[in-house]
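What follows is the content of target-v1.cif, which has mmCIF, C-alpha atoms:
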```cif
data_data
loop_
_atom_site.label_atom_id
_atom_site.label_comp_id
_atom_site.auth_asym_id
_atom_site.auth_seq_id
_atom_site.Cartn_x
_atom_site.Cartn_y
_atom_site.Cartn_z
CA MET A 1 -151.84 89.33 -140.91
CA SER A 2 -151.43 89.37 -144.68
CA GLU A 3 -148.08 88.91 -146.48
CA PRO A 4 -146.48 92.19 -147.71
CA GLN A 5 -146.69 92.58 -151.48
CA ARG A 6 -143.56 91.53 -153.38
CA VAL A 7 -144.50 92.66 -156.85
CA GLY A 8 -141.90 95.44 -157.08
CA VAL A 9 -139.09 93.16 -156.08
CA ALA A 10 -139.97 90.58 -158.68
CA GLU A 11 -139.94 93.17 -161.48
CA ARG A 12 -136.33 94.15 -160.80
CA ALA A 13 -135.10 90.74 -161.92
CA PRO A 14 -132.75 92.02 -164.76
CA LEU A 15 -130.21 92.91 -162.02
CA SER A 16 -129.22 89.28 -161.89
CA PRO A 17 -125.56 88.74 -162.98
CA ALA A 18 -126.45 87.10 -166.24
CA GLY A 19 -128.49 90.02 -167.54
CA ARG A 20 -126.06 92.77 -166.51
CA PRO A 21 -123.92 94.51 -169.17
CA SER A 22 -120.28 93.40 -168.89
CA TRP A 23 -117.76 95.42 -166.81
CA LEU A 24 -115.86 96.35 -169.96
CA ARG A 25 -118.97 97.70 -171.64
CA ARG A 26 -120.01 99.69 -168.59
CA ASN A 27 -116.57 101.35 -168.29
CA VAL A 28 -115.80 101.80 -171.94
CA ILE A 29 -115.82 105.62 -171.80
CA SER A 30 -113.61 105.78 -168.72
CA LEU A 31 -111.16 103.32 -170.24
CA ALA A 32 -110.94 105.30 -173.48
CA VAL A 33 -110.28 108.52 -171.54
CA LEU A 34 -107.69 106.74 -169.41
CA ALA A 35 -105.89 105.46 -172.49
CA VAL A 36 -105.64 108.99 -173.87
CA LEU A 37 -104.62 110.55 -170.53
CA LEU A 38 -101.88 107.97 -169.96
CA GLN A 39 -100.24 108.90 -173.26
CA VAL A 40 -100.61 112.62 -172.54
CA ALA A 41 -99.02 112.10 -169.12
CA ILE A 42 -96.10 110.17 -170.60
CA VAL A 43 -95.48 112.85 -173.23
CA VAL A 44 -95.80 115.78 -170.80
CA ILE A 45 -93.73 114.32 -167.95
CA GLY A 46 -91.14 112.75 -170.24
CA GLY A 47 -90.82 115.92 -172.31
CA ASN A 48 -90.40 118.01 -169.20
CA GLU A 49 -87.65 115.73 -167.92
CA TRP A 50 -85.96 115.80 -171.31
CA LEU A 51 -85.98 119.61 -171.35
CA THR A 52 -84.50 119.68 -167.83
CA ALA A 53 -81.77 117.24 -168.81
CA LYS A 54 -80.97 119.32 -171.89
CA ARG A 55 -80.70 122.46 -169.79
CA ASN A 56 -78.42 120.68 -167.33
CA LEU A 57 -75.96 119.88 -170.08
CA GLU A 58 -74.76 123.45 -169.65
CA PHE A 59 -73.40 122.44 -166.27
CA LEU A 60 -71.14 119.74 -167.62
CA PRO A 61 -67.52 120.69 -168.17
CA ILE A 62 -65.43 120.52 -171.32
CA HIS A 63 -63.10 117.55 -171.06
CA VAL A 64 -59.62 118.05 -172.43
CA ALA A 65 -57.37 115.02 -172.84
CA SER A 66 -53.77 115.10 -171.70
CA GLY A 67 -51.78 117.52 -173.84
CA GLY A 68 -54.86 119.03 -175.47
CA ARG A 69 -56.00 122.63 -175.67
CA VAL A 70 -59.39 124.28 -175.92
CA GLU A 71 -60.97 127.56 -177.00
CA TYR A 72 -62.96 128.96 -174.13
CA ALA A 73 -64.30 132.43 -173.41
CA GLN A 74 -62.42 133.87 -176.41
CA SER A 75 -59.12 132.56 -175.02
CA THR A 76 -57.15 129.38 -175.57
CA PHE A 77 -56.33 127.19 -172.57
CA GLY A 78 -53.90 124.30 -172.45
CA PRO A 79 -52.04 122.15 -172.61
CA ALA A 80 -51.99 121.53 -168.85
CA VAL A 81 -49.48 119.36 -167.03
CA LEU A 82 -48.70 118.38 -163.48
CA ARG A 83 -45.08 119.02 -162.52
CA ALA A 84 -42.96 118.80 -159.40
CA PRO A 85 -42.39 122.07 -157.58
CA THR A 86 -39.11 123.91 -157.90
CA ALA A 87 -37.45 126.34 -155.52
CA ASP A 88 -39.15 129.19 -157.40
CA ASP A 89 -42.56 127.92 -156.37
CA ASP A 90 -41.66 128.63 -152.75
CA LEU A 91 -43.85 125.81 -151.50
CA ASP A 92 -43.60 124.82 -147.85
CA VAL A 93 -44.36 121.10 -147.86
CA PRO A 94 -45.25 119.48 -144.52
CA SER A 95 -44.25 115.93 -143.68
CA GLY A 96 -46.72 113.37 -144.97
CA ALA A 97 -47.50 115.55 -147.96
CA ARG A 98 -46.04 116.41 -151.33
CA GLY A 99 -46.22 119.47 -153.49
CA VAL A 100 -47.32 119.54 -157.12
CA VAL A 101 -47.79 122.39 -159.56
CA VAL A 102 -50.46 122.60 -162.23
CA HIS A 103 -48.88 124.34 -165.21
CA PHE A 104 -51.01 125.48 -168.14
CA ASP A 105 -50.68 127.87 -171.05
CA VAL A 106 -53.13 130.65 -171.81
CA VAL A 107 -53.49 132.62 -175.02
CA PRO A 108 -55.72 135.47 -173.89
CA GLY A 109 -58.40 137.05 -176.02
CA ASP A 110 -59.36 140.71 -175.98
CA GLU A 111 -60.95 140.56 -172.56
CA ALA A 112 -59.01 139.88 -169.38
CA LEU A 113 -60.08 136.84 -167.40
CA LEU A 114 -60.23 135.84 -163.80
CA CYS A 115 -59.89 132.12 -163.26
CA SER A 116 -59.54 129.57 -160.50
CA VAL A 117 -58.17 126.05 -160.43
CA VAL A 118 -58.94 123.03 -158.29
CA LEU A 119 -57.19 119.68 -158.44
CA ARG A 120 -59.30 116.58 -158.16
CA GLU A 121 -58.73 112.85 -157.86
CA THR A 122 -60.79 110.97 -160.41
CA GLY A 123 -60.81 107.74 -158.41
CA GLY A 124 -61.42 106.72 -154.82
CA SER A 125 -63.44 109.23 -152.84
CA ARG A 126 -62.80 111.92 -155.48
CA ARG A 127 -61.03 114.24 -153.11
CA GLN A 128 -60.53 117.80 -154.19
CA TRP A 129 -57.88 120.35 -153.29
CA ASP A 130 -57.73 124.11 -153.46
CA PRO A 131 -54.44 125.81 -154.38
CA ALA A 132 -51.88 126.19 -151.61
CA GLY A 133 -51.97 129.82 -150.63
CA LEU A 134 -53.84 132.63 -152.29
CA VAL A 135 -53.05 132.56 -155.96
CA SER A 136 -54.73 134.19 -158.91
CA PRO A 137 -53.49 131.99 -161.74
CA CYS A 138 -54.78 134.03 -164.67
CA GLN A 139 -53.26 137.41 -165.42
CA SER A 140 -55.68 140.29 -165.22
CA GLU A 141 -53.82 142.43 -167.77
CA PRO A 142 -51.88 140.04 -169.98
CA THR A 143 -49.59 141.44 -172.66
CA GLY A 144 -49.60 138.20 -174.62
CA PRO A 145 -49.61 134.44 -174.16
CA TYR A 146 -48.46 133.33 -170.74
CA SER A 147 -48.36 130.24 -168.54
CA ALA A 148 -50.00 129.88 -165.17
CA ASP A 149 -48.49 127.91 -162.30
CA VAL A 150 -50.75 126.83 -159.48
CA PRO A 151 -49.19 125.02 -156.50
CA PHE A 152 -51.04 122.38 -154.52
CA LEU A 153 -50.27 120.39 -151.39
CA LEU A 154 -51.41 116.78 -151.58
CA PRO A 155 -51.32 114.07 -148.93
CA SER A 156 -48.77 111.41 -149.82
CA ASP A 157 -51.55 108.83 -150.29
CA ALA A 158 -53.02 110.83 -153.17
CA LYS A 159 -51.80 108.88 -156.18
CA GLY A 160 -54.09 110.14 -158.92
CA PRO A 161 -55.04 110.09 -161.69
CA PHE A 162 -55.82 113.76 -161.35
CA VAL A 163 -57.78 116.33 -163.27
CA ALA A 164 -57.35 120.08 -163.02
CA ASP A 165 -60.62 122.02 -163.23
CA VAL A 166 -60.09 125.52 -164.56
CA SER A 167 -63.07 127.81 -164.22
CA VAL A 168 -63.43 131.34 -165.43
CA SER A 169 -65.33 133.84 -163.35
CA GLU A 170 -68.97 134.05 -164.39
CA LEU A 171 -68.92 137.74 -165.25
CA GLU A 172 -66.18 137.26 -167.77
CA ARG A 173 -67.75 134.38 -169.62
CA LYS A 174 -68.89 135.37 -173.09
CA PRO A 175 -71.17 134.12 -174.45
CA ARG A 176 -73.09 133.45 -171.26
CA PHE A 177 -73.98 129.84 -171.89
CA LEU A 178 -70.57 128.23 -171.89
CA PRO A 179 -69.83 125.04 -170.04
CA PRO A 180 -68.88 126.06 -166.50
CA PHE A 181 -65.29 124.88 -166.45
CA ILE A 182 -62.55 123.08 -168.35
CA ARG A 183 -61.41 119.72 -167.01
CA PHE A 184 -57.82 118.94 -167.99
CA SER A 185 -56.53 115.42 -167.54
CA VAL A 186 -53.12 115.92 -166.00
CA GLY A 187 -52.20 112.33 -165.15
CA MET B 1 -130.81 86.94 -139.97
CA LYS B 2 -128.43 87.43 -137.03
CA PRO B 3 -128.81 90.65 -135.03
CA PRO B 4 -125.72 92.93 -135.15
CA ARG B 5 -123.20 91.94 -132.57
CA ARG B 6 -123.13 94.12 -129.46
CA PHE B 7 -120.00 94.84 -127.44
CA SER B 8 -120.22 95.06 -123.72
CA PRO B 9 -119.86 98.53 -122.15
CA LEU B 10 -116.58 97.38 -120.66
CA ALA B 11 -115.16 96.50 -124.09
CA ARG B 12 -116.30 99.82 -125.56
CA TRP B 13 -114.76 101.86 -122.73
CA GLY B 14 -111.65 99.76 -122.94
CA ALA B 15 -111.32 100.44 -126.65
CA GLY B 16 -111.84 104.19 -126.07
CA VAL B 17 -109.24 104.41 -123.35
CA GLY B 18 -106.90 102.28 -125.44
CA LEU B 19 -107.17 104.69 -128.36
CA VAL B 20 -106.47 107.68 -126.10
CA VAL B 21 -103.40 105.92 -124.72
CA ALA B 22 -102.27 105.06 -128.25
CA ALA B 23 -102.69 108.69 -129.31
CA TRP B 24 -100.63 109.81 -126.34
CA GLY B 25 -97.98 107.27 -127.29
CA VAL B 26 -97.82 108.63 -130.84
CA ILE B 27 -97.38 112.16 -129.48
CA ALA B 28 -94.72 110.95 -127.06
CA VAL B 29 -92.58 109.31 -129.76
CA THR B 30 -93.07 112.05 -132.39
CA PRO B 31 -89.76 113.89 -132.89
CA ASP B 32 -89.77 117.64 -132.39
CA ASP B 33 -90.21 120.00 -135.34
CA HIS B 34 -86.48 120.52 -135.78
CA PHE B 35 -85.65 116.84 -135.70
CA ALA B 36 -84.99 116.74 -139.44
CA ASP B 37 -82.20 119.32 -139.24
CA HIS B 38 -80.39 118.29 -136.08
CA VAL B 39 -76.63 118.00 -136.27
CA PHE B 40 -75.01 114.58 -136.41
CA VAL B 41 -73.01 114.28 -133.23
CA GLU B 42 -69.86 112.16 -133.13
CA HIS B 43 -68.30 111.62 -129.73
CA ALA B 44 -64.57 112.03 -129.49
CA HIS B 45 -62.07 110.34 -127.19
CA LEU B 46 -58.54 111.46 -126.46
CA ASP B 47 -55.96 110.36 -129.04
CA THR B 48 -58.56 108.72 -131.26
CA ALA B 49 -59.47 110.08 -134.68
CA VAL B 50 -63.19 110.67 -135.13
CA ASP B 51 -64.74 111.34 -138.54
CA GLY B 52 -67.67 113.47 -139.52
CA ARG B 53 -68.79 114.77 -142.88
CA ASP B 54 -65.60 116.00 -144.53
CA ILE B 55 -63.87 116.42 -141.17
CA ARG B 56 -61.51 114.33 -139.03
CA ILE B 57 -60.63 115.48 -135.53
CA THR B 58 -58.12 113.88 -133.17
CA LEU B 59 -58.22 115.42 -129.72
CA LEU B 60 -54.68 115.25 -128.36
CA ASP B 61 -54.94 117.12 -125.09
CA PHE B 62 -57.64 118.61 -122.91
CA GLU B 63 -56.51 120.27 -119.71
CA LYS B 64 -57.00 123.10 -117.26
CA ALA B 65 -54.34 125.73 -116.67
CA GLN B 66 -53.90 128.69 -114.36
CA SER B 67 -51.73 130.41 -116.91
CA VAL B 68 -51.23 130.20 -120.66
CA GLN B 69 -48.51 131.50 -122.94
CA ASP B 70 -48.01 131.60 -126.67
CA ALA B 71 -44.69 131.40 -128.55
CA HIS B 72 -44.58 135.14 -129.13
CA GLY B 73 -44.19 136.46 -125.61
CA TRP B 74 -47.83 136.80 -124.64
CA HIS B 75 -49.08 135.18 -121.45
CA ALA B 76 -52.07 135.53 -119.19
CA ASP B 77 -53.21 134.19 -115.83
CA GLY B 78 -56.77 133.07 -115.26
CA THR B 79 -58.90 129.98 -115.47
CA TRP B 80 -58.18 128.37 -118.80
CA VAL B 81 -59.31 125.21 -120.54
CA VAL B 82 -56.88 124.28 -123.30
CA ALA B 83 -57.82 121.84 -126.08
CA THR B 84 -55.15 120.70 -128.53
CA PHE B 85 -56.29 118.74 -131.54
CA GLU B 86 -55.44 117.62 -135.06
CA ALA B 87 -57.89 118.52 -137.79
CA GLU B 88 -58.13 117.71 -141.47
CA ALA B 89 -60.79 117.66 -144.17
CA LEU B 90 -61.58 114.36 -145.86
CA THR B 91 -62.87 115.02 -149.37
CA ASN B 92 -63.46 118.64 -150.29
CA GLU B 93 -61.80 121.93 -149.48
CA LYS B 94 -64.55 124.15 -150.82
CA GLU B 95 -66.25 124.55 -147.46
CA SER B 96 -63.68 123.08 -145.10
CA ASN B 97 -63.48 126.21 -143.04
CA LEU B 98 -63.48 125.44 -139.34
CA GLN B 99 -65.54 128.18 -137.73
CA ARG B 100 -67.26 126.67 -134.75
CA ILE B 101 -65.19 125.65 -131.76
CA GLU B 102 -67.17 126.08 -128.56
CA LEU B 103 -66.96 125.04 -124.96
CA HIS B 104 -70.38 124.66 -123.36
CA ILE B 105 -70.61 124.79 -119.58
CA GLY B 106 -74.16 124.86 -118.26
CA ASP B 107 -75.89 127.69 -120.10
CA ARG B 108 -72.66 129.39 -121.02
CA THR B 109 -70.90 129.13 -124.36
CA TYR B 110 -67.22 129.98 -124.58
CA THR B 111 -65.36 130.52 -127.83
CA PRO B 112 -61.57 130.24 -128.17
CA SER B 113 -59.81 133.28 -126.82
CA ASP B 114 -58.46 135.68 -129.42
CA ARG B 115 -55.99 137.12 -126.94
CA PRO B 116 -53.06 134.86 -127.96
CA ASP B 117 -51.15 135.71 -131.13
CA GLU B 118 -53.29 135.27 -134.23
CA ARG B 119 -50.87 132.67 -135.58
CA THR B 120 -52.28 130.30 -132.94
CA THR B 121 -55.88 130.53 -134.08
CA PRO B 122 -57.60 127.16 -134.54
CA LEU B 123 -60.25 128.71 -136.79
CA GLY B 124 -59.82 128.52 -140.54
CA HIS B 125 -59.20 126.36 -143.57
CA LEU B 126 -58.61 122.61 -143.22
CA ALA B 127 -56.64 120.76 -145.89
CA VAL B 128 -57.84 117.47 -147.37
CA GLY B 129 -55.69 114.62 -146.12
CA ILE B 130 -53.02 116.79 -144.48
CA PRO B 131 -53.71 117.21 -140.76
CA ALA B 132 -52.81 120.37 -138.89
CA THR B 133 -52.34 120.66 -135.14
CA MET B 134 -53.98 123.55 -133.36
CA THR B 135 -54.91 124.75 -129.92
CA ALA B 136 -58.09 126.34 -128.67
CA ALA B 137 -57.72 128.13 -125.33
CA PHE B 138 -60.92 129.01 -123.51
CA GLU B 139 -60.79 131.60 -120.77
CA ILE B 140 -63.61 130.57 -118.45
CA ASP B 141 -65.30 131.92 -115.37
CA ALA B 142 -63.62 130.60 -112.22
CA ASP B 143 -67.04 129.42 -110.98
CA ASP B 144 -67.28 127.09 -113.98
CA ALA B 145 -63.98 125.35 -113.27
CA ALA B 146 -65.61 122.35 -111.56
CA GLU B 147 -68.58 121.90 -113.86
CA HIS B 148 -69.31 119.48 -116.67
CA ALA B 149 -68.14 120.82 -120.02
CA THR B 150 -68.72 119.87 -123.65
CA LEU B 151 -66.31 120.82 -126.40
CA GLU B 152 -68.03 121.14 -129.78
CA ILE B 153 -66.20 121.34 -133.10
CA ALA B 154 -67.98 121.87 -136.44
CA TYR B 155 -67.62 123.84 -139.64
CA ASP B 156 -70.69 126.03 -139.60
CA LYS B 157 -71.07 128.63 -136.90
CA ILE B 158 -74.29 130.12 -138.28
CA GLY B 159 -76.48 127.34 -139.66
CA ARG B 160 -75.75 124.68 -137.05
CA VAL B 161 -77.96 122.16 -138.82
CA LEU B 162 -77.61 118.98 -140.82
CA ASP B 163 -73.90 118.65 -140.43
CA SER B 164 -71.43 116.73 -138.32
CA GLU B 165 -70.42 117.98 -134.92
CA ILE B 166 -67.54 116.49 -132.97
CA ASP B 167 -68.26 116.51 -129.23
CA TYR B 168 -66.02 115.81 -126.29
CA ASP B 169 -67.49 115.61 -122.79
CA ALA B 170 -65.37 116.25 -119.73
CA ASP B 171 -65.85 116.82 -116.03
CA LEU B 172 -63.71 119.88 -115.37
CA ALA B 173 -63.40 118.98 -111.68
CA LYS B 174 -61.52 115.82 -112.60
CA LEU B 175 -59.55 117.35 -115.42
CA ARG B 176 -55.77 117.38 -115.32
CA ALA B 177 -54.69 120.82 -114.12
CA VAL B 178 -51.32 122.27 -115.08
CA PRO B 179 -49.84 125.48 -113.73
CA SER B 180 -48.96 126.76 -117.18
CA ALA B 181 -49.96 125.65 -120.67
CA LYS B 182 -48.26 126.55 -123.94
CA ILE B 183 -50.39 127.58 -126.89
CA ALA B 184 -48.44 126.55 -129.97
CA ASP B 185 -48.93 128.20 -133.33
CA ARG B 186 -51.24 126.42 -135.70
CA LYS B 187 -48.99 124.18 -137.81
CA TRP B 188 -48.96 121.08 -139.97
CA SER B 189 -48.91 117.90 -137.90
CA GLU B 190 -45.59 116.10 -137.64
#
```
What is this file in structure tokens?
Amino acid sequence: MSEPQRVGVAERAPLSPAGRPSWLRRNVISLAVLAVLLQVAIVVIGGNEWLTAKRNLEFLPIHVASGGRVEYAQSTFGPAVLRAPTADDDLDVPSGARGVVVHFDVVPGDEALLCSVVLRETGGSRRQWDPAGLVSPCQSEPTGPYSADVPFLLPSDAKGPFVADVSVSELERKPRFLPPFIRFSVG
Amino acid sequence: MKPPRRFSPLARWGAGVGLVVAAWGVIAVTPDDHFADHVFVEHAHLDTAVDGRDIRITLLDFEKAQSVQDAHGWHADGTWVVATFEAEALTNEKESNLQRIELHIGDRTYTPSDRPDERTTPLGHLAVGIPATMTAAFEIDADDAAEHATLEIAYDKIGRVLDSEIDYDADLAKLRAVPSAKIADRKWSE
């Protein structure tokens, strides 16, 4: 039996490692494309995130320091304070709790407003309270500047500091893209 | 050159059966489709506060009665299960509206009777940090009076998913039975 011919095999010798083009040279096109695509991806994804973050800024409230006031929805709100309830507030305080009243001034604009108030602890577990009883703090047909009093019942372990978040009903907000609510520091 | 290694028929069959068993095991331990939105159940014990998401329940009393009466002159005979508990919200009052108080016995679901005066109702708003005491009175079928019962308390009556649920299990046959139970008005805890 004769040996099979090996001529073809011998002629493919350039496949040996030494004669092969380097990995870098073989992949130069892919690497160039990758370099471009990476930058495009960073710009597109980063830009998208930046636009989202910018849009979300509309959901951050206006912060008003203690004693300050702010123009909002063509009206002026503030200053806001936290005071102890009086007999006029007609607040039925259970044992283990205390009553407080958020008092703030409003100078209304041309349009009547509907608003709501929540009281929030800024520390700890950031608990949040709704007003005690059904109250509509803002006057629907004001004849001039007025003050709003909103009673709250707090557990006696709620020490503050507190903020009062005053929000104006969406329909009444003009222009549309106002921050969603005013956050008064009330101590 | 070595010939490829051959496995014995026994090894091949063993591997096949092993894979089938493994597949069965994977199916057996796979949670059901609704696993991801099950409620988070917390088990309650008498006189012990139990916390869920934004809710704290302390079950004070759980008893059977042949008659119940409220503080406004209404009373009714029957087979009653009366649960008295303290409830408060923990962080947020926006959605702290107690709407789901149910007594499950077998396939039956009882809700608190609305026959007593509405001032007694245990359903409604919970305050953050200020507990209120309330009573849920369930008027049950006399045939259910010796069964196993589960009291379930949660905010959401409709969604029933992804939220805390406070459960209390009781054997009604062994439950303390009183001739007459008072249903107090819902009020702030002392």
With 10 Å as the limit and counting only C-alpha atoms, what residues in chain A lie close to chain B? Please list them as a ChimeraX atom specification. /A:93-98,118,120-121,125-132,153-158
Would you list the residues near (-57.4, 116.6, -131.2), meaning any protein, DNA or RNA residue with an atom at most 12 Å from that point in file coordinates, counting all atoms listed in the file, as a VMD selection string? chain B and resid 44 to 51 55 to 62 82 to 88 101 122 131 to 136 151 to 153 166 to 168 189
Could you tell me, as a PyMOL selection string, exactly which residues end up selected when the PyMOL selection byres ((chain A and resi 106) around 7) is applied to this structure? chain A and resi 76-78+104-105+107-108+145-147
Could you tell me which residues the PyMOL selection byres ((chain A and resi 67) around 7) grabs in this file, written as a list of chain:residue names?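 With the shown file as input, the PyMOL selection byres ((chain A and resi 67) around 7) matches A:Ala65, A:Ser66, A:Gly68, A:Arg69, A:Pro79, A:Ala80.
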For CA of Val150 in chain A and CA of Arg119 in chain B, determine how far apart the two atoms are, in Å to one decimal place.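 Taking CA of Val150 in chain A and CA of Arg119 in chain B, their separation equals 24.6 Å.
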So the first atom is CA of Gly109 in chain A and the second is CA of Val168 in chain A; what is the distance between them in Å, to one decimal place?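 CA of Val168 in chain A lies 13.0 Å from CA of Gly109 in chain A.
Take CA of Thr111 in chain B and CA of His38 in chain B: the distance between them is 21.1 Å.
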Would you mind exporting range 99-113 of chain B with N, CA, C and O atoms, as a PDB file, in the first residue's frame?
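result_31.pdb, written as the output of this step:
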```pdb
ATOM      1  N   GLN B  99     -59.722  48.586  54.921  1.00  0.00           N
ATOM      2  CA  GLN B  99     -60.913  48.197  54.171  1.00  0.00           C
ATOM      3  C   GLN B  99     -61.164  46.697  54.179  1.00  0.00           C
ATOM      4  O   GLN B  99     -62.224  46.249  53.790  1.00  0.00           O
ATOM      5  N   ARG B 100     -60.177  45.943  54.596  1.00  0.00           N
ATOM      6  CA  ARG B 100     -60.332  44.500  54.462  1.00  0.00           C
ATOM      7  C   ARG B 100     -60.200  43.824  55.813  1.00  0.00           C
ATOM      8  O   ARG B 100     -59.119  43.687  56.364  1.00  0.00           O
ATOM      9  N   ILE B 101     -61.320  43.494  56.401  1.00  0.00           N
ATOM     10  CA  ILE B 101     -61.340  42.735  57.644  1.00  0.00           C
ATOM     11  C   ILE B 101     -62.234  41.546  57.352  1.00  0.00           C
ATOM     12  O   ILE B 101     -63.423  41.709  57.084  1.00  0.00           O
ATOM     13  N   GLU B 102     -61.666  40.353  57.334  1.00  0.00           N
ATOM     14  CA  GLU B 102     -62.437  39.183  56.910  1.00  0.00           C
ATOM     15  C   GLU B 102     -62.194  38.023  57.846  1.00  0.00           C
ATOM     16  O   GLU B 102     -61.101  37.848  58.379  1.00  0.00           O
ATOM     17  N   LEU B 103     -63.233  37.230  58.022  1.00  0.00           N
ATOM     18  CA  LEU B 103     -63.111  35.998  58.778  1.00  0.00           C
ATOM     19  C   LEU B 103     -63.343  34.858  57.794  1.00  0.00           C
ATOM     20  O   LEU B 103     -64.404  34.774  57.169  1.00  0.00           O
ATOM     21  N   HIS B 104     -62.312  34.024  57.636  1.00  0.00           N
ATOM     22  CA  HIS B 104     -62.419  32.913  56.690  1.00  0.00           C
ATOM     23  C   HIS B 104     -62.656  31.616  57.462  1.00  0.00           C
ATOM     24  O   HIS B 104     -61.888  31.270  58.346  1.00  0.00           O
ATOM     25  N   ILE B 105     -63.729  30.934  57.121  1.00  0.00           N
ATOM     26  CA  ILE B 105     -64.030  29.640  57.725  1.00  0.00           C
ATOM     27  C   ILE B 105     -64.305  28.691  56.571  1.00  0.00           C
ATOM     28  O   ILE B 105     -65.293  28.847  55.855  1.00  0.00           O
ATOM     29  N   GLY B 106     -63.403  27.716  56.374  1.00  0.00           N
ATOM     30  CA  GLY B 106     -63.558  26.837  55.220  1.00  0.00           C
ATOM     31  C   GLY B 106     -63.566  27.671  53.949  1.00  0.00           C
ATOM     32  O   GLY B 106     -62.687  28.493  53.731  1.00  0.00           O
ATOM     33  N   ASP B 107     -64.581  27.473  53.128  1.00  0.00           N
ATOM     34  CA  ASP B 107     -64.681  28.229  51.880  1.00  0.00           C
ATOM     35  C   ASP B 107     -65.409  29.543  52.075  1.00  0.00           C
ATOM     36  O   ASP B 107     -65.539  30.317  51.132  1.00  0.00           O
ATOM     37  N   ARG B 108     -65.908  29.778  53.254  1.00  0.00           N
ATOM     38  CA  ARG B 108     -66.740  30.969  53.443  1.00  0.00           C
ATOM     39  C   ARG B 108     -65.907  32.163  53.908  1.00  0.00           C
ATOM     40  O   ARG B 108     -64.972  32.003  54.681  1.00  0.00           O
ATOM     41  N   THR B 109     -66.298  33.330  53.455  1.00  0.00           N
ATOM     42  CA  THR B 109     -65.664  34.576  53.872  1.00  0.00           C
ATOM     43  C   THR B 109     -66.723  35.465  54.498  1.00  0.00           C
ATOM     44  O   THR B 109     -67.722  35.782  53.853  1.00  0.00           O
ATOM     45  N   TYR B 110     -66.511  35.819  55.756  1.00  0.00           N
ATOM     46  CA  TYR B 110     -67.427  36.734  56.430  1.00  0.00           C
ATOM     47  C   TYR B 110     -66.779  38.102  56.543  1.00  0.00           C
ATOM     48  O   TYR B 110     -65.583  38.215  56.797  1.00  0.00           O
ATOM     49  N   THR B 111     -67.582  39.140  56.369  1.00  0.00           N
ATOM     50  CA  THR B 111     -67.102  40.498  56.612  1.00  0.00           C
ATOM     51  C   THR B 111     -67.791  41.021  57.869  1.00  0.00           C
ATOM     52  O   THR B 111     -68.823  40.484  58.280  1.00  0.00           O
ATOM     53  N   PRO B 112     -67.253  42.062  58.497  1.00  0.00           N
ATOM     54  CA  PRO B 112     -67.868  42.549  59.733  1.00  0.00           C
ATOM     55  C   PRO B 112     -69.308  42.979  59.479  1.00  0.00           C
ATOM     56  O   PRO B 112     -69.617  43.589  58.463  1.00  0.00           O
ATOM     57  N   SER B 113     -70.168  42.646  60.399  1.00  0.00           N
ATOM     58  CA  SER B 113     -71.578  42.987  60.247  1.00  0.00           C
ATOM     59  C   SER B 113     -71.756  44.498  60.225  1.00  0.00           C
ATOM     60  O   SER B 113     -71.103  45.227  60.975  1.00  0.00           O
TER      61      SER B 113
END
```
